[in-house]
Every structure is written in C-alpha cells, then in structure tokens.
Amino acid sequence: MTHKNLNPVNSKKLKKVAIVISNPSISSTTGWPVGFWWSELTHPYLKLTEIGHEIEIFSYFGGKCEADAMSNPEDPSQWQAEDVISRGYIHDPDFLNMVNNTKPARDIDVDSFDAIIIAGGQGPMFIIESATDTIQKFVDFYESGKLAVALWCGCASLR
C-alpha cells in the first residue's frame with residue numbers, strides 16, 4: 001500500500017502540512033526527560049498521508065528529537081501499549097530518520113504550507129517559552145488564514 005497521490009479532493013494539488021514536535025527537555029516538576037508524544041506525531045501523520053497530504057516534520061530548534069518515554073507503546077509502564085500506529089513508526093528507519101533530523105520551525109515557509117500542527121507531549125510545557133520562532137510561525141499561519149492546530153500540551157504555544 002502506498003500513501004502517495006490519494007488526495008480525493010484534488011490529486012493534482014496535494015496539501016502540505018508542517019508538524020512541529022518538541023525538542024527534548026527536562027521536567028522541572030519530576031526531573032524526568034520529556035519531549036513530544038508519539039501518538040500526537042504518528043496519528044496525524046498517518047491520517048494525513050493516507051488521504052494524500054505531504055507532511056514535513058519540524059521541531060522547535062531543529063535536530064534530534066526524543067519522545068516522552070511513557071508515550072512509547074513498548075515502555076515498561078504500558079501507558080500506551082495499545083498504540084499500534086506509533087509502535088509501527090517507532091520501528092520504521094525512514095520515519096525515525098525524520099524525527100532524528102528535524103529542521104527548526106523558523107525554516108517553515110508559510111507560503112509553501114497549507115497548515116501547521118504543533119504536537120503535544122510534556123516537552124512543550126517546559127520548553128515552548130523559549131521557542132519563540134515556533135510560536136511566531138503558529139501566529140503567521142493563523143493570521144494568514146491557514147489552519148493552525150495545537151494538540152494537547154502543544155496548546156502551551158497559545159500562552
């Protein structure tokens with residue numbers, strides 16, 4: 001099965017969506033490493049690519065990103081054990097390469113994208129304040145009338 005050219009609305013004009021995930025941080029309340037939440041990246045990625053949209057993954061500052069441990073279906077806590085979608089992407093080398101080599105949100109060209117999604121996780125709660133470029137990109141999408149979405153703790157960008 002392929003996820004290419006399945007856009008039922010207009011297969012000649014695919015939509016392009018930027019998904020922004022948190023860079024790693026440390027929770028000031030627990031002392032644990034935190035980051036993005038797997039399902040808040042993988043589920044939109046799957047659903048949007050299934051209908052033919054082109055997705056690019058960015059992060060607040062670029063570089064390698066790490067997920068919250070509890071969001072991994074294979075974590076000993078079993079908090080997200082039923083998440084077979086994330087489980088699959090976690091074992092996909094090409095997908096992991098995108099997560100490990102993100103471009104910074106400041107590089108998103110608003111004119112080249114149709115929407116932005118700020119994924120959640122615990123990371124945003126501790127690092128979004130310093131991610132001013134990410135916050136500005138979200139504002140730029142909103143003010144240009146494009147879809148601007150913040151998921152779960154990604155809504156910290158609205159602060």
# chains A, B, ... in the order shown; residues from 1 in each chain; ligands from 1
$ residues_around --residues "Ile116 in chain A" --least-positions-apart "3" --cutoff "6 Å" --atoms "only C-alpha atoms" --output "list in words"
Val17, Ala18, Ile19 and Ala148 of chain A
$ select_by_dssp --residues "range 6-82 of chain A" --states "strand (DSSP E)" --output "list of chain:residue names"
A:Lys16, A:Val17, A:Ala18, A:Ile19, A:Val20, A:Ile21, A:Ser25, A:Ile26, A:Pro33, A:Val34, A:Glu54, A:Ile55, A:Glu56, A:Ile57, A:Phe58, A:Ser59
$ residues_around --residues "Gly123 in chain A" --least-positions-apart "2" --cutoff "9 Å" --atoms "only C-alpha atoms" --output "list in words"
Ile21, Ser22, Asn23, Pro24, Ser25, Ile26, Ser27, Pro33, Val34, Gly35, Phe36, Trp37, Ala67, Asp68, Gly120, Gly121, Met125, Phe126, Ile127, Ile128, Cys153 and Gly154 of chain A
$ residues_around --residues "Asn72 in chain A" --least-positions-apart "4" --cutoff "9 Å" --atoms "only C-alpha atoms" --output "PyMOL selection string"
chain A and resi 37-39+67-68+78-81+83+86-87+90
$ select_by_dssp --residues "range 3-106 of chain A" --states "helix (DSSP H, G or I)" --output "ChimeraX atom specification"
/A:38-50,69-71,84-90,93-100,105-106
$ closest_residue --among "A:Gly52, A:Pro44, A:Gly145, A:Gly62" --to "Val99 in chain A" --atoms "only C-alpha atoms"
A:Gly62
$ residues_around --residues "range 103-112 of chain A" --least-positions-apart "2" --cutoff "6 Å" --atoms "only C-alpha atoms" --output "list of chain:residue names"
A:Phe58, A:Ser59, A:Tyr60, A:Phe61, A:Gly62, A:Asp133, A:Thr134
$ atom_distance --atom1 "CA of Ile51 in chain A" --atom2 "CA of Lys15 in chain A"
9.6 Å
$ atom_distance --atom1 "CA of Ile118 in chain A" --atom2 "CA of Asp92 in chain A"
22.0 Å
$ residues_around --residues "Leu46 in chain A" --least-positions-apart "3" --cutoff "12 Å" --atoms "only C-alpha atoms" --output "number ranges by chain"
A: 2-4, 19, 38-43, 49-55, 84-86, 88-89, 95
$ atom_distance --atom1 "CA of Cys65 in chain A" --atom2 "CA of Tyr142 in chain A"
25.2 Å
$ residues_around --residues "Gly63 in chain A" --least-positions-apart "6" --cutoff "7 Å" --atoms "only C-alpha atoms" --output "number ranges by chain"
A: 100-103
